[in-house]
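To start, the structure itself, in structure tokens.
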Amino acid sequence: MGYINKHPLQKIGYDFIPAAYLPEGKDEYYLRDKQQTTHKQYRQLTVEEIQILEMNHNESTDWSDVWVTDKFLPNQIKRSKFFGLIRIGDMEEVYLEYRDIRVLSGIYNSQIISSDLGDCVALHQVRYMAHFIIGNEVILLNVNEMETSSNAKFGNGILKDGDEEKSRIYLELCNENGGRSVLPFDGMQAADVYIWTRNRDDQKLQQRFWEITNSGFSTARGYYSEIGDRTVIKNSHTFKNVKIGSDAYIKGISKLKNLTIKSTAAAYTQIGEGCELVNGIIGYGCRVFYGVKAVRFILSSYSQLKYGARLINSFLGDNSTISCCEVLNSLIFPAHEQHHNNSFLCASLVKGQSNMAAGATVGSNHNSRGADGEIIAGRGFWPGLCVSLKHNSRFASYTLIVKGDFLHELDIRFPFSLVSNDVTNDRLIVLPGYWFLYNMYALMRNTNKFLSRDKRSFKNQYFEYEILAPDTVNEMFTGLREIERAVSKQVGANAVHEWLHSSERSALEILLDNAEFSKREVVLLKPRESYRLFVRLIRYYAVCQVIDQIDADRIALQIEQWRSEKFVRYGFENVGGQLIPSCKLEQLLADIKTKRLHSWNEIHQRYHQLSAEYREDKLHHSLAALAEVTDRTPKTWDREFWHELFDEALSTKKWICEEIYHSRNKDYHNPFRAMVYESVEEMEQVIGKIEDNGFIKIQKQEFEQFQNRITTIKNQL
């Protein structure tokens, strides 16, 4: 239990930094002065100004410690109390307006302790403010409590002088047992978290992450809380140890404690009614509304928490939305969507561009003998309605899971798969390439959707949103090998190629090994179609990279140069949404270990450099994939070879466009979808005409451009 201590009234507002932690020759304001970005000339109050202040029912234990500028208007301060060193900026005879709020500039009915106030501020009913630096044109209206501790850390996982180690804040990510914990810090990116939570067996690397983070912050006590220019806070309860950027809008919150909230005029952050946010960092342009509870968290830029969402011990990547549901101990890469009150995500690494449906339960304390293990899901992960998964499980990119309880651990190595339970026969069904075969519209719309939602003003990292990219193509190669292995067990190794390329119908059932940790059968549906699809898509991927990156007038020269090269397909790793060649990632980690990279800023600069190199890396990868999938070395890539590829790619692009239209058009001809409308005309008024569909129009334009590009390039060969 805490104790209430008594001190002389004259001491209130002073001795913010305990004497034991005050450097020799420094006063208690030395860090406060460093935080002040203005260089105004302050003066003490005149006798006349003090008389006016006291006539307006203001009080101070020592008016000589209230400092003002020459633009001071004492009549704009009424019924307020001042303790400790107070500095007040320029004042004007104006009122401040924000949306429908209009308040007089000045200080009214407030209690201010040892704080700096910027120019033309409006403080009304601020019942207790201690050790804050307030920017210019800030509105504070009906705020109960604003306080700062001398050892404030503002959401960073650091210690101040005299702090005990047990008080350090960690993010316990990807696993409930804390074995992948990291120290949060202002500016932390999903890539930082990823490389830190992995590589746990490399003690030297882990120690470097620790050293880099701790060295980036001062251990000195005495930093004040900050509120940036033009920020508006109204009708709110408790603020403690907070750093809030400019132009933020905060209303009706219950508690903001130990936080850094990034905000600028171009990317302003809003926090709304009933929220309690503790021990966290919130990025630029975020929205947090309506009863959100978040503890030990990082919310990256342009992300949203809404409608009672609970985010605990988790990192949420850029351009993501979580509402209503609960997320624990998870690392989530950019462009994640989770909207439903009864969805639950725990102890998972989700690599972005993902969607959690209503009732989906990814993790539960009741499905194992201990704390939850881990789930790793590639980008595009989509557990459907009422899906329940068991840890540990792993999923390739763009895995869609059909409604059902999955009682065993899963390892799905095929991208773009549909995974479902055959309840009648008690077996698991895996259909590789499902999205391309049956729902092209939804799949291909993802790229446009994620690009339009990427609102980052400074794109330090290149996030890969394309469906066909080095990670998914590498997974398709894995899928090809898995299909060949499964088929060989049924028809024999020598007959695999013939069976996969045969046009004859076959009743042969192909079973998978090591896809589920159980004794029941795992059936691979449509292995022939999936195999041919993956081969076709890999070839198409290569052509797309060639026509995208090579100018038509130098295509012939470039192809001739490729014939003398040897391409090797290497691995890529999804590092926080950025795809990095495995060899370059290994070099990055080595440079961290050997202290060639000294700070997180330098590591972030390396991400930026790797992003600049990515297009070339992707082109190299696509050509290596082409050599492998065609089983032809570059020296055999003659004119006929490329003409055949370009013709096939044009056919594939046409097929994709047609399937986009057909998969969407099915909704217009399904009698059960149409039955809620009185007529076709009413249906078109409600959901729009398919001919007016903007995405389909874009695809038609892209096909025409692709066709023209192919024609131009072929004419150069």
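Following the order of the structure tokens, chains are lettered A, B, ..., residues in each are numbered from 1, and ligands are numbered from 1.
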
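With only C-alpha atoms taken into account, the protein and nucleic acid residues at most 12 Å from Gln705 of chain A (excluding it and anything under 6 positions from it in its own chain) are Ile547, Asp548, Leu650, Lys653, Lys654, Ile698, Gln699, Thr711 and Thr712 of chain A.
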
Next, dump the selected residues to file, keeping only N, CA and C atoms, as an mmCIF file, in the first residue's frame.
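The resulting file, result.cif, is reproduced below:
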data_model
loop_
_atom_site.group_PDB
_atom_site.id
_atom_site.type_symbol
_atom_site.label_atom_id
_atom_site.label_comp_id
_atom_site.auth_asym_id
_atom_site.auth_seq_id
_atom_site.Cartn_x
_atom_site.Cartn_y
_atom_site.Cartn_z
ATOM 1 N N ILE A 547 9.318 -7.735 -68.702
ATOM 2 C CA ILE A 547 8.681 -6.627 -69.417
ATOM 3 C C ILE A 547 8.510 -5.399 -68.521
ATOM 4 N N ASP A 548 8.505 -5.614 -67.203
ATOM 5 C CA ASP A 548 8.365 -4.493 -66.274
ATOM 6 C C ASP A 548 9.683 -3.746 -66.089
ATOM 7 N N LEU A 650 0.881 -13.678 -72.412
ATOM 8 C CA LEU A 650 -0.291 -12.925 -72.847
ATOM 9 C C LEU A 650 -1.550 -13.755 -72.659
ATOM 10 N N LYS A 653 -2.301 -13.753 -68.920
ATOM 11 C CA LYS A 653 -2.882 -12.477 -68.498
ATOM 12 C C LYS A 653 -4.342 -12.390 -68.925
ATOM 13 N N LYS A 654 -4.635 -12.846 -70.112
ATOM 14 C CA LYS A 654 -6.015 -12.838 -70.584
ATOM 15 C C LYS A 654 -6.878 -13.752 -69.725
ATOM 16 N N ILE A 698 -10.091 -1.560 -64.446
ATOM 17 C CA ILE A 698 -8.633 -1.419 -64.340
ATOM 18 C C ILE A 698 -7.936 -2.631 -64.946
ATOM 19 N N GLN A 699 -8.501 -3.831 -64.702
ATOM 20 C CA GLN A 699 -7.883 -5.048 -65.237
ATOM 21 C C GLN A 699 -7.925 -5.071 -66.761
ATOM 22 N N THR A 711 3.693 -6.896 -77.617
ATOM 23 C CA THR A 711 3.852 -6.695 -79.065
ATOM 24 C C THR A 711 5.106 -5.883 -79.375
ATOM 25 N N THR A 712 5.317 -4.824 -78.608
ATOM 26 C CA THR A 712 6.494 -3.977 -78.821
ATOM 27 C C THR A 712 7.786 -4.751 -78.592
#

DSSP on the backbone: what in segment 11-203 of chain A comes out strand (DSSP E or B), as a PDB file with N, CA and C atoms, in the first residue's frame?
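Contents of out15.pdb, freshly written:
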ATOM      1  N   ARG A  43      10.783  36.839 -18.820  1.00  0.00           N
ATOM      2  CA  ARG A  43      11.035  37.789 -17.735  1.00  0.00           C
ATOM      3  C   ARG A  43      10.119  37.466 -16.567  1.00  0.00           C
ATOM      4  N   GLN A  44      10.439  38.030 -15.426  1.00  0.00           N
ATOM      5  CA  GLN A  44       9.570  37.867 -14.269  1.00  0.00           C
ATOM      6  C   GLN A  44       8.390  38.830 -14.354  1.00  0.00           C
ATOM      7  N   GLU A  59      -3.392  32.079  -7.817  1.00  0.00           N
ATOM      8  CA  GLU A  59      -2.522  31.909  -6.660  1.00  0.00           C
ATOM      9  C   GLU A  59      -1.181  31.331  -7.087  1.00  0.00           C
ATOM     10  N   SER A  60      -0.163  31.618  -6.280  1.00  0.00           N
ATOM     11  CA  SER A  60       1.147  31.003  -6.457  1.00  0.00           C
ATOM     12  C   SER A  60       1.895  31.059  -5.134  1.00  0.00           C
ATOM     13  N   VAL A  66       7.209  32.505 -11.738  1.00  0.00           N
ATOM     14  CA  VAL A  66       6.330  32.508 -12.909  1.00  0.00           C
ATOM     15  C   VAL A  66       6.930  33.482 -13.917  1.00  0.00           C
ATOM     16  N   TRP A  67       7.388  32.954 -15.044  1.00  0.00           N
ATOM     17  CA  TRP A  67       8.083  33.747 -16.050  1.00  0.00           C
ATOM     18  C   TRP A  67       7.208  33.862 -17.304  1.00  0.00           C
ATOM     19  N   VAL A  68       7.269  35.025 -17.924  1.00  0.00           N
ATOM     20  CA  VAL A  68       6.419  35.297 -19.078  1.00  0.00           C
ATOM     21  C   VAL A  68       7.243  36.023 -20.143  1.00  0.00           C
ATOM     22  N   ILE A  77      -5.760  35.008 -17.553  1.00  0.00           N
ATOM     23  CA  ILE A  77      -5.495  33.957 -16.568  1.00  0.00           C
ATOM     24  C   ILE A  77      -6.415  34.194 -15.381  1.00  0.00           C
ATOM     25  N   LYS A  78      -7.288  33.202 -15.112  1.00  0.00           N
ATOM     26  CA  LYS A  78      -8.288  33.390 -14.055  1.00  0.00           C
ATOM     27  C   LYS A  78      -8.488  32.094 -13.265  1.00  0.00           C
ATOM     28  N   LYS A  81      -3.933  28.124 -10.270  1.00  0.00           N
ATOM     29  CA  LYS A  81      -2.860  28.037  -9.283  1.00  0.00           C
ATOM     30  C   LYS A  81      -1.567  27.618  -9.977  1.00  0.00           C
ATOM     31  N   PHE A  82      -0.464  28.216  -9.519  1.00  0.00           N
ATOM     32  CA  PHE A  82       0.830  27.949 -10.128  1.00  0.00           C
ATOM     33  C   PHE A  82       1.844  27.606  -9.042  1.00  0.00           C
ATOM     34  N   PHE A  83       2.577  26.511  -9.257  1.00  0.00           N
ATOM     35  CA  PHE A  83       3.583  26.073  -8.301  1.00  0.00           C
ATOM     36  C   PHE A  83       4.851  25.706  -9.061  1.00  0.00           C
ATOM     37  N   ILE A  86       7.324  28.148 -13.670  1.00  0.00           N
ATOM     38  CA  ILE A  86       6.339  28.172 -14.754  1.00  0.00           C
ATOM     39  C   ILE A  86       6.830  29.150 -15.812  1.00  0.00           C
ATOM     40  N   ARG A  87       6.773  28.735 -17.088  1.00  0.00           N
ATOM     41  CA  ARG A  87       7.109  29.643 -18.186  1.00  0.00           C
ATOM     42  C   ARG A  87       5.929  29.682 -19.147  1.00  0.00           C
ATOM     43  N   ILE A  88       5.462  30.887 -19.443  1.00  0.00           N
ATOM     44  CA  ILE A  88       4.274  31.078 -20.276  1.00  0.00           C
ATOM     45  C   ILE A  88       4.684  31.837 -21.533  1.00  0.00           C
ATOM     46  N   TYR A  95      -9.586  33.683 -29.678  1.00  0.00           N
ATOM     47  CA  TYR A  95     -10.057  32.375 -29.222  1.00  0.00           C
ATOM     48  C   TYR A  95      -9.591  31.337 -30.232  1.00  0.00           C
ATOM     49  N   LEU A  96      -9.469  30.101 -29.773  1.00  0.00           N
ATOM     50  CA  LEU A  96      -9.026  29.001 -30.619  1.00  0.00           C
ATOM     51  C   LEU A  96     -10.224  28.165 -31.025  1.00  0.00           C
ATOM     52  N   GLU A  97     -10.263  27.806 -32.283  1.00  0.00           N
ATOM     53  CA  GLU A  97     -11.372  27.023 -32.814  1.00  0.00           C
ATOM     54  C   GLU A  97     -10.849  25.714 -33.395  1.00  0.00           C
ATOM     55  N   TYR A  98     -11.470  24.631 -32.980  1.00  0.00           N
ATOM     56  CA  TYR A  98     -11.153  23.324 -33.560  1.00  0.00           C
ATOM     57  C   TYR A  98     -12.466  22.592 -33.783  1.00  0.00           C
ATOM     58  N   ILE A 101     -15.452  23.371 -31.504  1.00  0.00           N
ATOM     59  CA  ILE A 101     -15.006  23.901 -30.216  1.00  0.00           C
ATOM     60  C   ILE A 101     -14.449  25.303 -30.412  1.00  0.00           C
ATOM     61  N   ARG A 102     -14.906  26.216 -29.570  1.00  0.00           N
ATOM     62  CA  ARG A 102     -14.365  27.574 -29.565  1.00  0.00           C
ATOM     63  C   ARG A 102     -14.065  27.950 -28.123  1.00  0.00           C
ATOM     64  N   VAL A 103     -12.781  28.156 -27.818  1.00  0.00           N
ATOM     65  CA  VAL A 103     -12.391  28.450 -26.440  1.00  0.00           C
ATOM     66  C   VAL A 103     -11.448  29.642 -26.411  1.00  0.00           C
ATOM     67  N   LEU A 104     -11.562  30.437 -25.354  1.00  0.00           N
ATOM     68  CA  LEU A 104     -10.702  31.598 -25.196  1.00  0.00           C
ATOM     69  C   LEU A 104      -9.276  31.155 -24.953  1.00  0.00           C
ATOM     70  N   GLY A 106      -5.735  31.380 -23.161  1.00  0.00           N
ATOM     71  CA  GLY A 106      -5.418  31.731 -21.785  1.00  0.00           C
ATOM     72  C   GLY A 106      -5.513  30.523 -20.874  1.00  0.00           C
ATOM     73  N   ILE A 107      -5.525  30.782 -19.567  1.00  0.00           N
ATOM     74  CA  ILE A 107      -5.511  29.714 -18.559  1.00  0.00           C
ATOM     75  C   ILE A 107      -6.642  29.981 -17.583  1.00  0.00           C
ATOM     76  N   TYR A 108      -7.545  29.017 -17.433  1.00  0.00           N
ATOM     77  CA  TYR A 108      -8.737  29.218 -16.624  1.00  0.00           C
ATOM     78  C   TYR A 108      -9.012  27.984 -15.769  1.00  0.00           C
ATOM     79  N   GLN A 111      -4.687  24.076 -12.467  1.00  0.00           N
ATOM     80  CA  GLN A 111      -3.584  23.996 -11.499  1.00  0.00           C
ATOM     81  C   GLN A 111      -2.341  23.503 -12.247  1.00  0.00           C
ATOM     82  N   ILE A 112      -1.320  24.353 -12.321  1.00  0.00           N
ATOM     83  CA  ILE A 112      -0.139  24.072 -13.128  1.00  0.00           C
ATOM     84  C   ILE A 112       1.076  23.993 -12.210  1.00  0.00           C
ATOM     85  N   ILE A 113       1.821  22.899 -12.350  1.00  0.00           N
ATOM     86  CA  ILE A 113       3.011  22.688 -11.534  1.00  0.00           C
ATOM     87  C   ILE A 113       4.222  22.531 -12.439  1.00  0.00           C
ATOM     88  N   ASP A 116       6.089  24.226 -18.809  1.00  0.00           N
ATOM     89  CA  ASP A 116       6.278  25.255 -19.828  1.00  0.00           C
ATOM     90  C   ASP A 116       5.071  25.260 -20.749  1.00  0.00           C
ATOM     91  N   LEU A 117       4.511  26.438 -20.972  1.00  0.00           N
ATOM     92  CA  LEU A 117       3.341  26.583 -21.827  1.00  0.00           C
ATOM     93  C   LEU A 117       3.726  27.386 -23.062  1.00  0.00           C
ATOM     94  N   ALA A 122      -4.775  27.408 -24.850  1.00  0.00           N
ATOM     95  CA  ALA A 122      -6.077  27.538 -24.188  1.00  0.00           C
ATOM     96  C   ALA A 122      -6.224  26.384 -23.214  1.00  0.00           C
ATOM     97  N   LEU A 123      -6.047  26.685 -21.913  1.00  0.00           N
ATOM     98  CA  LEU A 123      -6.163  25.671 -20.869  1.00  0.00           C
ATOM     99  C   LEU A 123      -7.402  25.988 -20.036  1.00  0.00           C
ATOM    100  N   HIS A 124      -8.381  25.101 -20.076  1.00  0.00           N
ATOM    101  CA  HIS A 124      -9.629  25.284 -19.338  1.00  0.00           C
ATOM    102  C   HIS A 124      -9.910  24.041 -18.504  1.00  0.00           C
ATOM    103  N   GLN A 125     -10.068  24.243 -17.206  1.00  0.00           N
ATOM    104  CA  GLN A 125     -10.369  23.141 -16.284  1.00  0.00           C
ATOM    105  C   GLN A 125      -9.324  22.012 -16.370  1.00  0.00           C
ATOM    106  N   VAL A 126      -8.075  22.376 -16.380  1.00  0.00           N
ATOM    107  CA  VAL A 126      -7.010  21.379 -16.260  1.00  0.00           C
ATOM    108  C   VAL A 126      -6.736  21.268 -14.765  1.00  0.00           C
ATOM    109  N   MET A 129      -1.813  19.571 -13.527  1.00  0.00           N
ATOM    110  CA  MET A 129      -0.777  19.344 -14.541  1.00  0.00           C
ATOM    111  C   MET A 129       0.581  19.549 -13.883  1.00  0.00           C
ATOM    112  N   ALA A 130       1.443  18.530 -13.983  1.00  0.00           N
ATOM    113  CA  ALA A 130       2.754  18.625 -13.358  1.00  0.00           C
ATOM    114  C   ALA A 130       3.837  18.144 -14.317  1.00  0.00           C
ATOM    115  N   PHE A 132       5.072  19.213 -17.451  1.00  0.00           N
ATOM    116  CA  PHE A 132       4.724  19.066 -18.866  1.00  0.00           C
ATOM    117  C   PHE A 132       5.323  20.216 -19.659  1.00  0.00           C
ATOM    118  N   ILE A 133       5.643  19.935 -20.912  1.00  0.00           N
ATOM    119  CA  ILE A 133       6.019  20.969 -21.871  1.00  0.00           C
ATOM    120  C   ILE A 133       4.918  20.999 -22.927  1.00  0.00           C
ATOM    121  N   ILE A 134       4.209  22.111 -22.988  1.00  0.00           N
ATOM    122  CA  ILE A 134       3.047  22.254 -23.857  1.00  0.00           C
ATOM    123  C   ILE A 134       3.431  23.117 -25.060  1.00  0.00           C
ATOM    124  N   ILE A 139      -4.982  23.142 -27.178  1.00  0.00           N
ATOM    125  CA  ILE A 139      -6.233  23.255 -26.433  1.00  0.00           C
ATOM    126  C   ILE A 139      -6.305  22.098 -25.442  1.00  0.00           C
ATOM    127  N   LEU A 140      -6.436  22.418 -24.165  1.00  0.00           N
ATOM    128  CA  LEU A 140      -6.688  21.422 -23.119  1.00  0.00           C
ATOM    129  C   LEU A 140      -7.975  21.829 -22.429  1.00  0.00           C
ATOM    130  N   LEU A 141      -8.994  20.993 -22.534  1.00  0.00           N
ATOM    131  CA  LEU A 141     -10.321  21.338 -22.024  1.00  0.00           C
ATOM    132  C   LEU A 141     -10.869  20.182 -21.180  1.00  0.00           C
ATOM    133  N   ASN A 142     -11.120  20.453 -19.905  1.00  0.00           N
ATOM    134  CA  ASN A 142     -11.673  19.439 -18.997  1.00  0.00           C
ATOM    135  C   ASN A 142     -10.774  18.201 -18.927  1.00  0.00           C
ATOM    136  N   VAL A 143      -9.625  18.386 -18.345  1.00  0.00           N
ATOM    137  CA  VAL A 143      -8.674  17.287 -18.169  1.00  0.00           C
ATOM    138  C   VAL A 143      -8.416  17.137 -16.678  1.00  0.00           C
ATOM    139  N   ASN A 144      -8.562  15.906 -16.168  1.00  0.00           N
ATOM    140  CA  ASN A 144      -8.471  15.696 -14.725  1.00  0.00           C
ATOM    141  C   ASN A 144      -7.044  15.675 -14.198  1.00  0.00           C
ATOM    142  N   GLU A 145      -6.181  14.883 -14.827  1.00  0.00           N
ATOM    143  CA  GLU A 145      -4.869  14.644 -14.222  1.00  0.00           C
ATOM    144  C   GLU A 145      -3.803  14.493 -15.300  1.00  0.00           C
ATOM    145  N   MET A 146      -2.738  15.272 -15.174  1.00  0.00           N
ATOM    146  CA  MET A 146      -1.603  15.186 -16.088  1.00  0.00           C
ATOM    147  C   MET A 146      -0.337  15.243 -15.236  1.00  0.00           C
ATOM    148  N   GLU A 147       0.403  14.153 -15.180  1.00  0.00           N
ATOM    149  CA  GLU A 147       1.560  14.110 -14.295  1.00  0.00           C
ATOM    150  C   GLU A 147       2.716  13.377 -14.950  1.00  0.00           C
ATOM    151  N   LEU A 171       8.060  -6.600 -24.645  1.00  0.00           N
ATOM    152  CA  LEU A 171       6.974  -7.137 -25.459  1.00  0.00           C
ATOM    153  C   LEU A 171       7.217  -8.628 -25.613  1.00  0.00           C
ATOM    154  N   GLU A 172       6.299  -9.428 -25.104  1.00  0.00           N
ATOM    155  CA  GLU A 172       6.429 -10.888 -25.171  1.00  0.00           C
ATOM    156  C   GLU A 172       5.668 -11.372 -26.404  1.00  0.00           C
ATOM    157  N   SER A 181      10.882 -12.416 -26.204  1.00  0.00           N
ATOM    158  CA  SER A 181      10.650 -11.041 -25.775  1.00  0.00           C
ATOM    159  C   SER A 181      11.635 -10.081 -26.432  1.00  0.00           C
ATOM    160  N   VAL A 182      11.183  -8.847 -26.656  1.00  0.00           N
ATOM    161  CA  VAL A 182      12.033  -7.773 -27.164  1.00  0.00           C
ATOM    162  C   VAL A 182      11.779  -6.524 -26.330  1.00  0.00           C
TER     163      VAL A 182
END

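One finds atom CA of Leu73 of chain A at 11.3 Å from atom CA of Val94 of chain A.
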
Would you list the contacts of segment 394-397 of chain A as JSON, numbers by chain, taking every protein, DNA or RNA residue within 9 Å and counting only C-alpha atoms, but skipping same-chain residues closer than 6 positions in sequence?
{"A": [351, 374, 375, 376, 377, 378, 379, 380, 381, 409, 410, 411, 412, 413, 414, 415, 416, 417, 471, 472, 475]}

Residues at most 12 Å from Leu443 of chain A, counting only C-alpha atoms, excluding those fewer than 4 positions away in the same chain, as an MDAnalysis selection string?
chainID A and resid 353:354 380:382 397:400 416:417 433:439 447:450 465:468 656:657 659:660 663:664 695

Contacts of segment 535-631 of chain A with segment 307-326 of chain A up to 12 Å, shortest pair per row, only C-alpha atoms, as JSON lines:
{"residue": "A:Val575", "atom": "CA", "partner": "A:Gly317", "partner_atom": "CA", "distance": 11.6}
{"residue": "A:Gly576", "atom": "CA", "partner": "A:Gly317", "partner_atom": "CA", "distance": 7.8}
{"residue": "A:Gly577", "atom": "CA", "partner": "A:Gly317", "partner_atom": "CA", "distance": 8.7}
{"residue": "A:Gln578", "atom": "CA", "partner": "A:Gly317", "partner_atom": "CA", "distance": 11.8}

Write the residues you've just listed into a file as a JSON list (two decimals), in the first residue's frame, and include C-alpha atoms for each of them.
[["chain", "number", "residue", "atom", "x", "y", "z"],
["A", 575, "VAL", "CA", 11.17, -9.28, -42.92],
["A", 576, "GLY", "CA", 8.34, -7.16, -41.60],
["A", 577, "GLY", "CA", 6.65, -6.94, -45.00],
["A", 578, "GLN", "CA", 9.89, -6.35, -46.91]]

Write out as a PDB file with C-alpha atoms, in the first residue's frame the residues lying within 12 Å of Glu521 of chain A, counting only C-alpha atoms and excluding same-chain residues fewer than 6 positions away.
ATOM      1  CA  ASN A 421     -12.099 -30.810 -42.993  1.00  0.00           C
ATOM      2  CA  ASP A 422     -13.904 -33.696 -44.669  1.00  0.00           C
ATOM      3  CA  VAL A 423     -16.023 -34.361 -41.592  1.00  0.00           C
ATOM      4  CA  ASN A 425     -14.722 -39.269 -43.786  1.00  0.00           C
ATOM      5  CA  ASP A 426     -12.663 -37.675 -40.993  1.00  0.00           C
ATOM      6  CA  ARG A 427      -9.808 -36.470 -43.154  1.00  0.00           C
ATOM      7  CA  LEU A 428      -8.088 -33.230 -44.116  1.00  0.00           C
ATOM      8  CA  ILE A 429      -8.416 -31.768 -47.617  1.00  0.00           C
ATOM      9  CA  VAL A 430      -5.783 -29.508 -49.190  1.00  0.00           C
ATOM     10  CA  GLU A 509      -6.425 -40.448 -54.739  1.00  0.00           C
ATOM     11  CA  ILE A 510      -3.216 -38.639 -53.811  1.00  0.00           C
ATOM     12  CA  LEU A 511      -2.336 -38.474 -50.117  1.00  0.00           C
ATOM     13  CA  LEU A 512       0.066 -36.125 -48.365  1.00  0.00           C
ATOM     14  CA  ASP A 513       2.524 -36.890 -45.587  1.00  0.00           C
ATOM     15  CA  ASN A 514       3.552 -34.520 -42.796  1.00  0.00           C
ATOM     16  CA  ALA A 515       0.767 -32.009 -43.413  1.00  0.00           C
TER      17      ALA A 515
END

Restrict the calculation to only C-alpha atoms, then for each residue of segment 403-508 of chain A with any atom at most 12 Å from an atom of segment 184-196 of chain A give the closest atom pair and their distance in Å to one decimal, rows by chain and rising residue number, as CSV.
residue,atom,partner,partner_atom,distance
A:Lys459,CA,A:Gln189,CA,11.7
A:Asn460,CA,A:Gln189,CA,10.0
A:Gln461,CA,A:Ala191,CA,9.2
A:Tyr462,CA,A:Ala191,CA,11.5
A:Phe463,CA,A:Ala191,CA,10.9

Output file for the selection above: all heavy atoms, as a PDB file, in the first residue's frame:
ATOM      1  N   LYS A 459       8.362   6.043 -46.954  1.00  0.00           N
ATOM      2  CA  LYS A 459       8.368   4.592 -47.120  1.00  0.00           C
ATOM      3  C   LYS A 459       9.805   4.083 -47.046  1.00  0.00           C
ATOM      4  O   LYS A 459      10.463   3.829 -48.049  1.00  0.00           O
ATOM      5  CB  LYS A 459       7.691   4.213 -48.433  1.00  0.00           C
ATOM      6  CG  LYS A 459       6.220   4.630 -48.451  1.00  0.00           C
ATOM      7  CD  LYS A 459       5.502   4.223 -49.713  1.00  0.00           C
ATOM      8  CE  LYS A 459       4.036   4.635 -49.652  1.00  0.00           C
ATOM      9  NZ  LYS A 459       3.275   4.271 -50.861  1.00  0.00           N
ATOM     10  N   ASN A 460      10.277   3.953 -45.801  1.00  0.00           N
ATOM     11  CA  ASN A 460      11.635   3.471 -45.569  1.00  0.00           C
ATOM     12  C   ASN A 460      11.824   2.062 -46.115  1.00  0.00           C
ATOM     13  O   ASN A 460      12.898   1.706 -46.584  1.00  0.00           O
ATOM     14  CB  ASN A 460      11.914   3.480 -44.060  1.00  0.00           C
ATOM     15  CG  ASN A 460      13.263   2.890 -43.718  1.00  0.00           C
ATOM     16  OD1 ASN A 460      14.282   3.381 -44.174  1.00  0.00           O
ATOM     17  ND2 ASN A 460      13.271   1.824 -42.942  1.00  0.00           N
ATOM     18  N   GLN A 461      10.761   1.269 -46.057  1.00  0.00           N
ATOM     19  CA  GLN A 461      10.814  -0.100 -46.559  1.00  0.00           C
ATOM     20  C   GLN A 461       9.841  -0.271 -47.713  1.00  0.00           C
ATOM     21  O   GLN A 461       8.739   0.287 -47.714  1.00  0.00           O
ATOM     22  CB  GLN A 461      10.443  -1.095 -45.452  1.00  0.00           C
ATOM     23  CG  GLN A 461      11.454  -1.192 -44.334  1.00  0.00           C
ATOM     24  CD  GLN A 461      10.997  -2.198 -43.293  1.00  0.00           C
ATOM     25  OE1 GLN A 461      10.239  -1.858 -42.398  1.00  0.00           O
ATOM     26  NE2 GLN A 461      11.451  -3.421 -43.417  1.00  0.00           N
ATOM     27  N   TYR A 462      10.238  -1.086 -48.684  1.00  0.00           N
ATOM     28  CA  TYR A 462       9.345  -1.434 -49.785  1.00  0.00           C
ATOM     29  C   TYR A 462       8.570  -2.676 -49.366  1.00  0.00           C
ATOM     30  O   TYR A 462       9.134  -3.754 -49.211  1.00  0.00           O
ATOM     31  CB  TYR A 462      10.146  -1.723 -51.054  1.00  0.00           C
ATOM     32  CG  TYR A 462       9.275  -2.130 -52.226  1.00  0.00           C
ATOM     33  CD1 TYR A 462       8.750  -1.166 -53.077  1.00  0.00           C
ATOM     34  CD2 TYR A 462       8.973  -3.468 -52.468  1.00  0.00           C
ATOM     35  CE1 TYR A 462       7.947  -1.529 -54.149  1.00  0.00           C
ATOM     36  CE2 TYR A 462       8.171  -3.837 -53.528  1.00  0.00           C
ATOM     37  CZ  TYR A 462       7.659  -2.872 -54.366  1.00  0.00           C
ATOM     38  OH  TYR A 462       6.862  -3.234 -55.415  1.00  0.00           O
ATOM     39  N   PHE A 463       7.274  -2.522 -49.158  1.00  0.00           N
ATOM     40  CA  PHE A 463       6.423  -3.652 -48.819  1.00  0.00           C
ATOM     41  C   PHE A 463       5.949  -4.315 -50.106  1.00  0.00           C
ATOM     42  O   PHE A 463       5.414  -3.646 -50.994  1.00  0.00           O
ATOM     43  CB  PHE A 463       5.215  -3.206 -47.995  1.00  0.00           C
ATOM     44  CG  PHE A 463       5.558  -2.701 -46.614  1.00  0.00           C
ATOM     45  CD1 PHE A 463       4.706  -1.848 -45.946  1.00  0.00           C
ATOM     46  CD2 PHE A 463       6.738  -3.069 -45.992  1.00  0.00           C
ATOM     47  CE1 PHE A 463       5.002  -1.376 -44.680  1.00  0.00           C
ATOM     48  CE2 PHE A 463       7.059  -2.604 -44.730  1.00  0.00           C
ATOM     49  CZ  PHE A 463       6.188  -1.753 -44.072  1.00  0.00           C
TER      50      PHE A 463
END

Would you list the contacts of Arg596 of chain A as a PyMOL selection string, taking every protein, DNA or RNA residue within 12 Å and counting only C-alpha atoms, but skipping same-chain residues closer than 6 positions in sequence?
chain A and resi 208+212+587-590+602-603+606
